[in-house]
Amino acid sequence: VVKDDGKYGVVQKDGAYLIRPRFEFLKPMANGLYEFKENGKIGLVNKMGTIVLPPGAFGGFQPAGTDGFAVKSGDSLVVFRLDGTPLR
């Protein structure tokens with residue numbers, strides 16, 4: 001994770017951007033996902049730069065095995081596949 005001109009992104013070992021700097025905050029989560037902050041809300045983006053979970057009132061992201069993630073939303077725990085599809 002790098003910061004360039006006040007925004008965060010991800011660079012590869014060769015210096016090329018994996019995710020161009022565009023977020024207020026960015027940190028690795030797990031399974032190729034990164035937690036980001038945009039307009040004061042947090043979401044998840046994958047290593048291709050595709051937003052998997054749009055910014056919202058979320059907190060406490062956790063990996064859910066190797067194929068998903070869980071996140072606290074209000075008073076609930078919601079589980080998603082890595083592509084952002086919610087699981088029941």
# chains A, B, ... in the order shown; residues from 1 in each chain; ligands from 1

call {"tool": "residues_around", "arguments": {"residues": "stretch 11-19 of chain A", "least_positions_apart": "5", "cutoff": "8 Å", "atoms": "only C-alpha atoms", "output": "PDB file with C-alpha atoms, in the first residue's frame"}}
result
ATOM      1  CA  VAL A   1       0.000   0.000   0.000  1.00  0.00           C
ATOM      2  CA  VAL A   2       1.343   3.416  -0.989  1.00  0.00           C
ATOM      3  CA  LYS A  47      -6.555  -6.637  -6.137  1.00  0.00           C
ATOM      4  CA  MET A  48      -7.844  -5.831  -9.633  1.00  0.00           C
ATOM      5  CA  GLY A  49      -9.220  -2.525  -8.332  1.00  0.00           C
TER       6      GLY A  49
END

call {"tool": "residues_around", "arguments": {"residues": "A:Val52", "least_positions_apart": "4", "cutoff": "8 Å", "atoms": "only C-alpha atoms", "output": "PyMOL selection string"}}
result
chain A and resi 43-46+82-84

call {"tool": "write_last_selection", "arguments": {"atoms": "C-alpha atoms", "output": "PDB file, in the first residue's frame"}}
result
ATOM      1  CA  GLY A  43     -15.847  -0.923   1.780  1.00  0.00           C
ATOM      2  CA  LEU A  44     -13.760  -3.612   0.093  1.00  0.00           C
ATOM      3  CA  VAL A  45     -11.865  -3.597  -3.195  1.00  0.00           C
ATOM      4  CA  ASN A  46     -10.111  -6.571  -4.800  1.00  0.00           C
ATOM      5  CA  LEU A  82     -15.214 -12.902  -2.399  1.00  0.00           C
ATOM      6  CA  ASP A  83     -17.096 -11.355  -5.351  1.00  0.00           C
ATOM      7  CA  GLY A  84     -19.437  -9.497  -2.969  1.00  0.00           C
TER       8      GLY A  84
END

call {"tool": "select_by_dssp", "arguments": {"residues": "stretch 19-74 of chain A", "states": "strand (DSSP E)", "output": "VMD selection string"}}
result
chain A and resid 19 to 23 25 to 30 33 to 38 41 to 46 51 to 56 58 to 63 68 to 73

call {"tool": "closest_residue", "arguments": {"among": "A:Pro63, A:Pro86, A:Gly9, A:Gly74", "to": "A:Ala30", "atoms": "only C-alpha atoms"}}
result
A:Pro63

call {"tool": "residues_around", "arguments": {"residues": "A:Ala70", "least_positions_apart": "6", "cutoff": "9 Å", "atoms": "only C-alpha atoms", "output": "PyMOL selection string"}}
result
chain A and resi 60-64+77-81

call {"tool": "write_last_selection", "arguments": {"atoms": "C-alpha atoms", "output": "PDB file, in the first residue's frame"}}
result
ATOM      1  CA  GLY A  60     -14.960  -5.444  11.633  1.00  0.00           C
ATOM      2  CA  PHE A  61     -14.111  -7.123   8.319  1.00  0.00           C
ATOM      3  CA  GLN A  62     -12.924 -10.700   8.797  1.00  0.00           C
ATOM      4  CA  PRO A  63     -12.037 -13.495   6.373  1.00  0.00           C
ATOM      5  CA  ALA A  64     -14.625 -16.297   6.285  1.00  0.00           C
ATOM      6  CA  LEU A  77     -22.906 -10.074  10.930  1.00  0.00           C
ATOM      7  CA  VAL A  78     -23.195 -10.457   7.160  1.00  0.00           C
ATOM      8  CA  VAL A  79     -21.225 -13.048   5.169  1.00  0.00           C
ATOM      9  CA  PHE A  80     -20.272 -12.566   1.506  1.00  0.00           C
ATOM     10  CA  ARG A  81     -18.460 -14.496  -1.206  1.00  0.00           C
TER      11      ARG A  81
END

call {"tool": "atom_distance", "arguments": {"atom1": "atom CA of A:Lys72", "atom2": "atom CA of A:Lys7"}}
result
25.4 Å

call {"tool": "atom_distance", "arguments": {"atom1": "atom CA of A:Gly40", "atom2": "atom CA of A:Lys3"}}
result
17.3 Å

call {"tool": "decode", "arguments": {"residues": "stretch 44-57 of chain A", "atoms": "N, CA, C and O atoms", "output": "short mmCIF file (atom, residue, chain, number, x, y, z; two decimals), in the first residue's frame"}}
result
data_model
loop_
_atom_site.label_atom_id
_atom_site.label_comp_id
_atom_site.auth_asym_id
_atom_site.auth_seq_id
_atom_site.Cartn_x
_atom_site.Cartn_y
_atom_site.Cartn_z
N LEU A 44 -14.83 -2.70 0.49
CA LEU A 44 -13.76 -3.61 0.09
C LEU A 44 -13.53 -3.52 -1.41
O LEU A 44 -14.48 -3.42 -2.19
N VAL A 45 -12.27 -3.59 -1.80
CA VAL A 45 -11.86 -3.60 -3.20
C VAL A 45 -10.95 -4.80 -3.39
O VAL A 45 -10.22 -5.18 -2.47
N ASN A 46 -11.01 -5.43 -4.56
CA ASN A 46 -10.11 -6.57 -4.80
C ASN A 46 -8.80 -6.09 -5.44
O ASN A 46 -8.66 -4.91 -5.76
N LYS A 47 -7.88 -7.01 -5.64
CA LYS A 47 -6.55 -6.64 -6.14
C LYS A 47 -6.57 -6.19 -7.59
O LYS A 47 -5.57 -5.68 -8.09
N MET A 48 -7.70 -6.33 -8.27
CA MET A 48 -7.84 -5.83 -9.63
C MET A 48 -8.38 -4.40 -9.64
O MET A 48 -8.52 -3.79 -10.69
N GLY A 49 -8.69 -3.88 -8.44
CA GLY A 49 -9.22 -2.52 -8.33
C GLY A 49 -10.73 -2.45 -8.45
O GLY A 49 -11.31 -1.36 -8.49
N THR A 50 -11.39 -3.60 -8.49
CA THR A 50 -12.85 -3.65 -8.58
C THR A 50 -13.45 -3.59 -7.18
O THR A 50 -13.06 -4.36 -6.30
N ILE A 51 -14.40 -2.69 -6.98
CA ILE A 51 -15.06 -2.59 -5.69
C ILE A 51 -15.98 -3.79 -5.51
O ILE A 51 -16.86 -4.04 -6.33
N VAL A 52 -15.71 -4.55 -4.45
CA VAL A 52 -16.47 -5.77 -4.14
C VAL A 52 -17.64 -5.43 -3.22
O VAL A 52 -18.74 -5.96 -3.37
N LEU A 53 -17.41 -4.57 -2.26
CA LEU A 53 -18.45 -4.12 -1.33
C LEU A 53 -18.40 -2.60 -1.31
O LEU A 53 -17.42 -2.02 -0.84
N PRO A 54 -19.43 -1.94 -1.86
CA PRO A 54 -19.42 -0.48 -1.90
C PRO A 54 -19.34 0.11 -0.49
O PRO A 54 -19.77 -0.52 0.48
N PRO A 55 -18.82 1.33 -0.39
CA PRO A 55 -18.68 1.96 0.93
C PRO A 55 -20.01 2.05 1.65
O PRO A 55 -21.05 2.34 1.05
N GLY A 56 -19.96 1.75 2.94
CA GLY A 56 -21.16 1.81 3.78
C GLY A 56 -20.79 1.92 5.24
O GLY A 56 -19.62 2.13 5.58
N ALA A 57 -21.77 1.75 6.09
CA ALA A 57 -21.56 1.82 7.54
C ALA A 57 -21.17 0.43 8.05
O ALA A 57 -21.93 -0.22 8.74
#
